[in-house]
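To start, the structure itself, in structure tokens.
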Amino acid sequence: MLVMDKYIVGTFLASLFGSFLLYILLFKTTISHKRKDQEEEREMSRGGYQIRSDTTVGERRNDEGSDLDVIIVGAGVAGAALAYTLGKDGRRVHVIERDLSEPHRIVGELLQPGGYLKLIELGLEDCVENIDAQRVVGYALSKDGKNTKLSYPLEKFHSDVAGRSFHNGRFIQMMRGKAATLLNVKLEQGTVTSLLEENGTIKGVQYKTKAGLELKAYAPLTIVCDGCFSNLRRSLCSSMVDIPSCFVGLVLENCQLPFPNHGHVILADPSPILFYPISSTEIRCLVDVPGRKLPSLADGEMANYLKTVVAPQVPTQLHEAFISAIDKGNIRTMPNRSMPAASHPTPGALLMGDAFNMRHPLTGGGMTVALSDIVVLRNLLKPLCNLKDADSLCKYLESFYTLRKPVASTINTLAGALHKVFCASSDQARMEMRQACFDYLSLGGVCSRGPVALLSGLNPRPLSLVFHFFAVAIYGVGRLLIPFPSPKRLWIGARLISGASAIIFPIIKAEGVRQMFFPASVPSYYRAPQLK
């Protein structure tokens, strides 16, 4: 169109300025390589209630634990998939899960195509069968009544490869059931109360069974996968949890999405609204509410907020079902946590899943990261005959934190950056960035395929992420310079570039510039197994 063509000149001029600025900013961002000595002291006092000495008396020891290879704390997506994976490799695994009944969550319901490929790699693809899972082939983005459809770049893959959306609990129960079919995997319901530590090495766990018995289980390696509410996390990592917003969840029944088999993102005010199918008759709606404080459910403030603020921005095809879901009263909420992976390598223990690393759930990347991490860990452990040399194993597994970074950091950074860009703002430069993002994705071709490949986990490359993020910013500046670059427009354009940098660079810094962009420069990247 003519409108698009006239942006080209401005975009070209802005790109020269933006490229130079990007060069300066990217290489100004550095990592501190200082080793913090206090990490060695690792919160023996702060986390004392989580790590216990083996000399605790008056509690019964689980003798079966002496023959174990791995203890897994938690049997959610990460824990159940890991149990099956390690069990299939011949490891003797004991899984301790607080509640083995079907969970009911409002997130963990959309598996991106990249995550589905990892599921196939782990031999777990049949876990999305027979649970009324729905194929997802892309996204539909809506703003101010305009829509753009973004399809996953699936042409090079088998016809079965696509995203999957489902009830989270059904998916988890399928994976738990599959893990339980292995004779060397034991699933037990119980609550892990502490890690057992001896001379700085984790030897196992203390837990309370469903019947109330206090037991101990011992294994050379304990993997903590007990989710975002982990009580054991602080013993094993520096947990800096941020809560930028909360999700309000509803289930819409007997209605059709504007674009079937697509996730829908509405760029609403004040923040995005998501819709995606979770069964053949149900659509999940997630309303993002900025901040930690939500309107009260008890006195009807939440229902009023949804009807007066959110409902007018819902697509007309879904409006009636949206109001009906509010009237039914089954409104659920959850905080959206973000936590960069910052582990203290600890002999005998490892963190995984949401206990280790979280990102905003806007992009549905959590399960993809968890399954990718499991593939990395499986490949690292495969050549090891035994895991009993805790110090050598810990040193060897430092490579896990480096090898996972390019995939995990790309998905994490994209989630955090997109949430900030998609939220409405009183800042004109931020609103220009939001509009530029929508228009850039609407251009099609590489402008949509590249970002969607990142979002889907099919091409999780950090440099590609930075390129497209600043391409959006430069495109936004180009829009401002047409029809002529007035001082006000130049000032907004400069603030747009500055604001874009302020969004993405802190996220990248928290993830780790060196490990994210230059993993091959990290010594642990080349670490080979020393164990026999």
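Letters A, B, ... mark the chains of the structure tokens in the order given; residue numbers begin at 1 per chain; ligand numbers begin at 1, in order shown.
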Excluding Pro529 in chain A and its own-chain neighbours fewer than 5 positions away, which residues fall within 9 Å of it when counting only C-alpha atoms? Please give them as an NGL selection string. :A and (380-381 or 383-384 or 392-393 or 396-397)
Every residue of range 360-429 of chain A that DSSP places in alpha helix (DSSP H), as a PyMOL selection string: chain A and resi 366-381+390-396+398-403+405-422+428-429
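Distances from A:Ile323, A:Ser230, A:Met175, A:Ile497 to Thr308 in chain A were compared using only C-alpha atoms, and the smallest one belongs to A:Ile323.
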Restricting the calculation to only C-alpha atoms: of A:Pro406, A:Thr413, A:Ala502, A:Leu362, which residue gets closest to Pro519 in chain A?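 Once distances to Pro519 in chain A are computed over only C-alpha atoms, the minimum belongs to A:Pro406.
Using only C-alpha atoms, the nearest neighbour of Gln206 in chain A within the list A:Phe467, A:Tyr152, A:Asp160, A:Val73 is A:Val73.
The two atoms in question, CA of Leu124 in chain A and CA of Ala349 in chain A, are spaced 25.0 Å apart.
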Could you tell me how far CA of Ser521 in chain A lies from CA of Val369 in chain A, in Å and to one decimal?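 Pair CA of Ser521 in chain A / CA of Val369 in chain A returns 22.3 Å.
For Ile172 in chain A, the set of protein, DNA and RNA residues having any atom at most 8 Å away, when counting only C-alpha atoms and skipping those fewer than 2 positions along the same chain, is Ala75, Gly76, Val77, Ala80, Glu102, Pro103, Asn168, Gly169, Arg170, Met174, Met175 and Arg176 of chain A.
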Residues as selected, N, CA and C atoms, written as a PDB file, in the first residue's frame, can you do that?
ATOM      1  N   ALA A  75       5.816 -33.412  40.845  1.00  0.00           N
ATOM      2  CA  ALA A  75       5.427 -34.164  39.647  1.00  0.00           C
ATOM      3  C   ALA A  75       4.469 -33.348  38.797  1.00  0.00           C
ATOM      4  N   GLY A  76       4.855 -32.086  38.557  1.00  0.00           N
ATOM      5  CA  GLY A  76       4.129 -31.274  37.598  1.00  0.00           C
ATOM      6  C   GLY A  76       4.643 -31.580  36.197  1.00  0.00           C
ATOM      7  N   VAL A  77       4.583 -30.620  35.308  1.00  0.00           N
ATOM      8  CA  VAL A  77       5.052 -30.844  33.941  1.00  0.00           C
ATOM      9  C   VAL A  77       6.526 -31.234  33.941  1.00  0.00           C
ATOM     10  N   ALA A  80       7.211 -34.696  36.204  1.00  0.00           N
ATOM     11  CA  ALA A  80       6.686 -35.926  35.606  1.00  0.00           C
ATOM     12  C   ALA A  80       7.447 -36.281  34.329  1.00  0.00           C
ATOM     13  N   GLU A 102      -5.587 -34.772  40.141  1.00  0.00           N
ATOM     14  CA  GLU A 102      -5.473 -33.900  38.973  1.00  0.00           C
ATOM     15  C   GLU A 102      -5.466 -32.437  39.385  1.00  0.00           C
ATOM     16  N   PRO A 103      -4.426 -31.690  39.018  1.00  0.00           N
ATOM     17  CA  PRO A 103      -4.387 -30.271  39.368  1.00  0.00           C
ATOM     18  C   PRO A 103      -5.318 -29.449  38.473  1.00  0.00           C
ATOM     19  N   ASN A 168      -4.508 -28.254  31.703  1.00  0.00           N
ATOM     20  CA  ASN A 168      -3.196 -28.555  32.273  1.00  0.00           C
ATOM     21  C   ASN A 168      -3.202 -29.828  33.099  1.00  0.00           C
ATOM     22  N   GLY A 169      -4.235 -30.006  33.924  1.00  0.00           N
ATOM     23  CA  GLY A 169      -4.294 -31.176  34.803  1.00  0.00           C
ATOM     24  C   GLY A 169      -4.362 -32.481  34.039  1.00  0.00           C
ATOM     25  N   ARG A 170      -5.101 -32.512  32.941  1.00  0.00           N
ATOM     26  CA  ARG A 170      -5.208 -33.737  32.141  1.00  0.00           C
ATOM     27  C   ARG A 170      -3.850 -34.111  31.554  1.00  0.00           C
ATOM     28  N   MET A 174      -1.557 -37.531  32.421  1.00  0.00           N
ATOM     29  CA  MET A 174      -1.081 -38.435  31.378  1.00  0.00           C
ATOM     30  C   MET A 174       0.411 -38.705  31.539  1.00  0.00           C
ATOM     31  N   MET A 175       1.173 -37.661  31.828  1.00  0.00           N
ATOM     32  CA  MET A 175       2.621 -37.848  31.989  1.00  0.00           C
ATOM     33  C   MET A 175       2.937 -38.617  33.262  1.00  0.00           C
ATOM     34  N   ARG A 176       2.210 -38.342  34.335  1.00  0.00           N
ATOM     35  CA  ARG A 176       2.413 -39.105  35.573  1.00  0.00           C
ATOM     36  C   ARG A 176       2.118 -40.587  35.341  1.00  0.00           C
TER      37      ARG A 176
END
Contacts between range 213-225 of chain A and range 79-167 of chain A, please, where a residue of range 79-167 of chain A counts if it comes within 12 Å (with only C-alpha atoms); show its shortest atom pair and distance in Å to one decimal, rows by chain and ascending number, as JSON lines.
{"residue": "A:Gly79", "atom": "CA", "partner": "A:Cys225", "partner_atom": "CA", "distance": 5.5}
{"residue": "A:Ala80", "atom": "CA", "partner": "A:Cys225", "partner_atom": "CA", "distance": 9.2}
{"residue": "A:Ala81", "atom": "CA", "partner": "A:Cys225", "partner_atom": "CA", "distance": 10.6}
{"residue": "A:Leu82", "atom": "CA", "partner": "A:Cys225", "partner_atom": "CA", "distance": 9.3}
{"residue": "A:Ala83", "atom": "CA", "partner": "A:Ile223", "partner_atom": "CA", "distance": 10.1}
{"residue": "A:Leu86", "atom": "CA", "partner": "A:Ile223", "partner_atom": "CA", "distance": 11.5}
{"residue": "A:Arg91", "atom": "CA", "partner": "A:Leu221", "partner_atom": "CA", "distance": 11.0}
{"residue": "A:Arg92", "atom": "CA", "partner": "A:Ala219", "partner_atom": "CA", "distance": 9.4}
{"residue": "A:Val93", "atom": "CA", "partner": "A:Ala219", "partner_atom": "CA", "distance": 8.9}
{"residue": "A:His94", "atom": "CA", "partner": "A:Ala217", "partner_atom": "CA", "distance": 8.6}
{"residue": "A:Val95", "atom": "CA", "partner": "A:Ile223", "partner_atom": "CA", "distance": 9.6}
{"residue": "A:Ile96", "atom": "CA", "partner": "A:Ala217", "partner_atom": "CA", "distance": 9.8}
{"residue": "A:Glu97", "atom": "CA", "partner": "A:Cys225", "partner_atom": "CA", "distance": 9.6}
{"residue": "A:Arg98", "atom": "CA", "partner": "A:Cys225", "partner_atom": "CA", "distance": 11.5}
Kindly export the residues of the current selection with C-alpha atoms, as a tab-separated table (two decimals), in the first residue's frame.
chain	number	residue	atom	x	y	z
A	79	GLY	CA	8.88	-33.36	37.36
A	80	ALA	CA	6.69	-35.93	35.61
A	81	ALA	CA	8.46	-35.53	32.25
A	82	LEU	CA	11.86	-35.77	33.95
A	83	ALA	CA	10.85	-38.88	35.89
A	86	LEU	CA	15.43	-40.61	33.48
A	91	ARG	CA	17.81	-44.58	36.42
A	92	ARG	CA	16.07	-45.58	39.64
A	93	VAL	CA	13.82	-42.64	40.38
A	94	HIS	CA	11.68	-41.74	43.39
A	95	VAL	CA	9.16	-38.94	42.77
A	96	ILE	CA	7.58	-37.24	45.77
A	97	GLU	CA	4.57	-35.07	44.92
A	98	ARG	CA	2.45	-33.13	47.41
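For the set A:Pro483, A:Gly163, A:Gly200, A:Pro335, the residue with the smallest atom-to-atom gap to Tyr276 in chain A is A:Gly163, counting only C-alpha atoms.
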One-decimal distance in Å that lies between CA of Leu350 in chain A and CA of Thr181 in chain A: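 These atoms are spaced 24.8 Å apart.
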List the spatial neighbours of Pro272 in chain A as a ChimeraX atom specification - criterion: any atom at most 12 Å away, only C-alpha atoms, same-chain residues fewer than 4 positions off excluded. /A:141-143,245-248,264-268,285-290,310,313-314,361-363,418-424,434
Writer output for current selection, C-alpha atoms, as a compact mmCIF listing (two decimals), in the first residue's frame:
# COMPACT_ATOMS: atom_id res chain seq x y z
CA LEU A 141 -3.41 -10.12 17.15
CA SER A 142 -6.10 -7.45 17.59
CA LYS A 143 -5.84 -3.73 18.27
CA SER A 245 0.90 -8.42 36.85
CA CYS A 246 -1.79 -10.97 37.65
CA PHE A 247 -4.00 -13.13 35.46
CA VAL A 248 -7.74 -13.36 35.93
CA HIS A 264 -5.82 -14.61 20.33
CA VAL A 265 -4.07 -11.61 21.88
CA ILE A 266 -6.14 -8.44 22.30
CA LEU A 267 -4.01 -5.32 22.84
CA ALA A 268 -6.49 -3.90 25.31
CA CYS A 285 -9.74 -16.32 28.73
CA LEU A 286 -6.88 -14.71 30.66
CA VAL A 287 -7.17 -11.05 31.53
CA ASP A 288 -3.86 -9.42 32.45
CA VAL A 289 -4.20 -6.94 35.32
CA PRO A 290 -1.10 -4.80 35.99
CA VAL A 310 -12.71 -5.56 29.96
CA GLN A 313 -12.83 -4.70 24.47
CA VAL A 314 -13.70 -8.38 23.96
CA PRO A 361 3.20 -16.43 30.89
CA LEU A 362 1.93 -14.08 28.16
CA THR A 363 3.80 -16.01 25.44
CA LEU A 418 6.40 -8.31 24.83
CA HIS A 419 4.43 -7.86 28.03
CA LYS A 420 5.92 -4.40 28.53
CA VAL A 421 5.35 -3.43 24.89
CA PHE A 422 1.77 -4.76 24.80
CA CYS A 423 0.64 -2.86 27.90
CA ALA A 424 -0.98 0.54 27.42
CA ARG A 434 3.05 -0.55 20.87
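Using only C-alpha atoms, the residues found no farther than 12 Å from Val452 in chain A, other than those of its own chain fewer than 6 positions away, are Gln112, Pro113, Gly114, Val137, Gly138, Tyr139, Ala140, Leu141, Lys149, Leu150, Ser151, Tyr152, Pro153, Leu154, Thr363, Ile411, Leu414, Leu441, Ser442, Gly444, Gly445, Val446, Leu458, Asn459, Pro460, Ser464, Leu465 and His468 of chain A.
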Could you write those residues out with N, CA, C and O atoms, as a short mmCIF file (atom, residue, chain, number, x, y, z; two decimals), in the first residue's frame?
data_model
loop_
_atom_site.label_atom_id
_atom_site.label_comp_id
_atom_site.auth_asym_id
_atom_site.auth_seq_id
_atom_site.Cartn_x
_atom_site.Cartn_y
_atom_site.Cartn_z
N GLN A 112 3.76 -24.59 22.99
CA GLN A 112 4.18 -24.08 21.69
C GLN A 112 4.74 -25.21 20.82
O GLN A 112 5.15 -26.25 21.33
N PRO A 113 4.79 -25.03 19.48
CA PRO A 113 5.34 -26.07 18.61
C PRO A 113 6.75 -26.51 18.99
O PRO A 113 7.09 -27.69 18.90
N GLY A 114 7.57 -25.56 19.42
CA GLY A 114 8.93 -25.93 19.86
C GLY A 114 8.89 -26.87 21.06
O GLY A 114 9.70 -27.79 21.16
N VAL A 137 -2.22 -23.36 15.45
CA VAL A 137 -1.35 -23.16 14.30
C VAL A 137 -0.85 -21.73 14.17
O VAL A 137 -0.16 -21.40 13.21
N GLY A 138 -1.16 -20.89 15.14
CA GLY A 138 -0.67 -19.53 15.09
C GLY A 138 -1.41 -18.62 16.05
O GLY A 138 -2.14 -19.09 16.94
N TYR A 139 -1.22 -17.32 15.87
CA TYR A 139 -1.84 -16.31 16.74
C TYR A 139 -2.63 -15.31 15.89
O TYR A 139 -2.32 -15.07 14.72
N ALA A 140 -3.63 -14.73 16.50
CA ALA A 140 -4.34 -13.59 15.92
C ALA A 140 -4.15 -12.42 16.88
O ALA A 140 -4.40 -12.54 18.08
N LEU A 141 -3.68 -11.32 16.35
CA LEU A 141 -3.41 -10.12 17.15
C LEU A 141 -4.44 -9.06 16.80
O LEU A 141 -4.70 -8.81 15.62
N LYS A 149 -3.32 -11.90 11.37
CA LYS A 149 -3.14 -13.32 11.67
C LYS A 149 -1.68 -13.70 11.47
O LYS A 149 -1.09 -13.41 10.42
N LEU A 150 -1.09 -14.35 12.47
CA LEU A 150 0.31 -14.74 12.45
C LEU A 150 0.40 -16.26 12.54
O LEU A 150 0.10 -16.83 13.59
N SER A 151 0.81 -16.90 11.47
CA SER A 151 0.88 -18.36 11.44
C SER A 151 2.27 -18.84 11.84
O SER A 151 3.28 -18.22 11.50
N TYR A 152 2.31 -19.97 12.55
CA TYR A 152 3.59 -20.59 12.87
C TYR A 152 4.28 -21.04 11.57
O TYR A 152 3.62 -21.56 10.66
N PRO A 153 5.59 -20.88 11.46
CA PRO A 153 6.32 -21.36 10.26
C PRO A 153 6.56 -22.87 10.35
O PRO A 153 7.63 -23.34 10.74
N LEU A 154 5.56 -23.64 9.98
CA LEU A 154 5.58 -25.10 10.17
C LEU A 154 5.82 -25.87 8.87
O LEU A 154 5.76 -27.11 8.88
N THR A 363 3.43 -15.33 26.69
CA THR A 363 3.80 -16.01 25.44
C THR A 363 3.69 -17.53 25.53
O THR A 363 3.99 -18.22 24.54
N ILE A 411 13.41 -17.16 25.09
CA ILE A 411 11.98 -17.24 25.42
C ILE A 411 11.66 -16.34 26.61
O ILE A 411 10.64 -15.64 26.63
N LEU A 414 11.87 -12.58 25.47
CA LEU A 414 10.73 -12.25 24.61
C LEU A 414 9.46 -12.06 25.43
O LEU A 414 8.69 -11.11 25.20
N LEU A 441 4.34 -6.44 12.77
CA LEU A 441 3.89 -7.83 12.63
C LEU A 441 2.88 -7.98 11.50
O LEU A 441 2.79 -9.04 10.87
N SER A 442 2.12 -6.91 11.25
CA SER A 442 1.10 -6.96 10.19
C SER A 442 1.71 -6.90 8.79
O SER A 442 1.01 -7.18 7.80
N GLY A 444 3.81 -8.85 7.50
CA GLY A 444 3.96 -10.19 6.94
C GLY A 444 5.40 -10.47 6.55
O GLY A 444 6.32 -9.70 6.87
N GLY A 445 5.61 -11.57 5.84
CA GLY A 445 6.96 -11.94 5.43
C GLY A 445 7.87 -12.15 6.61
O GLY A 445 7.47 -12.66 7.66
N VAL A 446 9.13 -11.72 6.48
CA VAL A 446 10.10 -11.92 7.55
C VAL A 446 9.72 -11.13 8.80
O VAL A 446 10.11 -11.49 9.92
N LEU A 458 10.50 -22.38 17.84
CA LEU A 458 11.07 -23.08 16.68
C LEU A 458 12.43 -22.51 16.28
O LEU A 458 13.23 -23.19 15.64
N ASN A 459 12.68 -21.26 16.64
CA ASN A 459 13.96 -20.63 16.30
C ASN A 459 14.39 -19.72 17.45
O ASN A 459 14.45 -18.50 17.31
N PRO A 460 14.69 -20.29 18.60
CA PRO A 460 15.00 -19.47 19.78
C PRO A 460 16.44 -18.97 19.76
O PRO A 460 17.30 -19.44 20.50
N SER A 464 18.53 -13.05 16.85
CA SER A 464 17.32 -12.82 16.08
C SER A 464 16.30 -12.02 16.88
O SER A 464 15.62 -11.13 16.35
N LEU A 465 16.20 -12.32 18.17
CA LEU A 465 15.29 -11.59 19.05
C LEU A 465 15.68 -10.12 19.11
O LEU A 465 14.83 -9.23 18.95
N HIS A 468 14.92 -8.27 15.71
CA HIS A 468 13.51 -7.95 15.45
C HIS A 468 12.97 -6.93 16.45
O HIS A 468 12.14 -6.09 16.08
#
Could you list, as an mmCIF file with N, CA and C atoms, in the first residue's frame, every residue within 10 Å of Val522 in chain A, counting only C-alpha atoms and ignoring same-chain residues fewer than 4 positions away?
data_model
loop_
_atom_site.group_PDB
_atom_site.id
_atom_site.type_symbol
_atom_site.label_atom_id
_atom_site.label_comp_id
_atom_site.auth_asym_id
_atom_site.auth_seq_id
_atom_site.Cartn_x
_atom_site.Cartn_y
_atom_site.Cartn_z
ATOM 1 N N SER A 399 27.754 -27.135 33.324
ATOM 2 C CA SER A 399 27.522 -26.931 31.892
ATOM 3 C C SER A 399 26.022 -26.868 31.569
ATOM 4 N N THR A 402 24.828 -23.349 31.293
ATOM 5 C CA THR A 402 25.280 -22.660 30.080
ATOM 6 C C THR A 402 24.566 -23.184 28.843
ATOM 7 N N LEU A 403 24.428 -24.498 28.728
ATOM 8 C CA LEU A 403 23.837 -25.097 27.532
ATOM 9 C C LEU A 403 22.360 -24.742 27.370
ATOM 10 N N ARG A 514 26.784 -12.901 28.561
ATOM 11 C CA ARG A 514 27.801 -13.830 28.057
ATOM 12 C C ARG A 514 27.207 -15.207 27.759
ATOM 13 N N GLN A 515 26.444 -15.734 28.696
ATOM 14 C CA GLN A 515 25.870 -17.058 28.484
ATOM 15 C C GLN A 515 24.796 -17.046 27.401
ATOM 16 N N PHE A 518 27.103 -15.524 23.964
ATOM 17 C CA PHE A 518 28.414 -16.135 23.703
ATOM 18 C C PHE A 518 28.642 -17.346 24.597
ATOM 19 N N TYR A 526 32.349 -26.553 27.639
ATOM 20 C CA TYR A 526 33.125 -27.660 27.074
ATOM 21 C C TYR A 526 33.375 -28.780 28.083
ATOM 22 N N ARG A 527 32.735 -28.681 29.243
ATOM 23 C CA ARG A 527 33.035 -29.632 30.303
ATOM 24 C C ARG A 527 32.593 -31.040 29.912
#
At a cut-off of 12 Å, using only C-alpha atoms, what residues contact Leu318 in chain A? Leave out same-chain residues fewer than 6 positions from it and give the result as a list in words.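 Selected residues are Val251, Leu252, Glu253, Asn254, Cys255, Gln256, Leu257, Pro258, Phe259, His264, Leu274, Phe275, Tyr276, Glu282, Ile283, Arg284, Cys285, Ala311, Pro312, Ser324 and Ala325 of chain A.
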From the set A:Ser486, A:Met240, A:Thr316, A:Ile202, which residue has the shortest atom-to-atom contact distance to Cys394 in chain A, counting only C-alpha atoms?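 Closest to Cys394 in chain A of all the choices is A:Ile202.
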Could you go through range 152-343 of chain A and tell me which residues DSSP, when run on the backbone, assigns to strand (DSSP E or B), listing them as a ChimeraX atom specification? /A:163-165,185-198,201-209,214-218,221-224,237,242-253,262-266,273-277,282-290,332-339,343
Choose the residue, out of A:Ser194, A:Thr85, A:Thr209, A:Thr201, that has the smallest atom-to-atom separation from Asp99 in chain A; count only C-alpha atoms.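 Nearest candidate to Asp99 in chain A out of A:Ser194, A:Thr85, A:Thr209, A:Thr201: A:Thr209.
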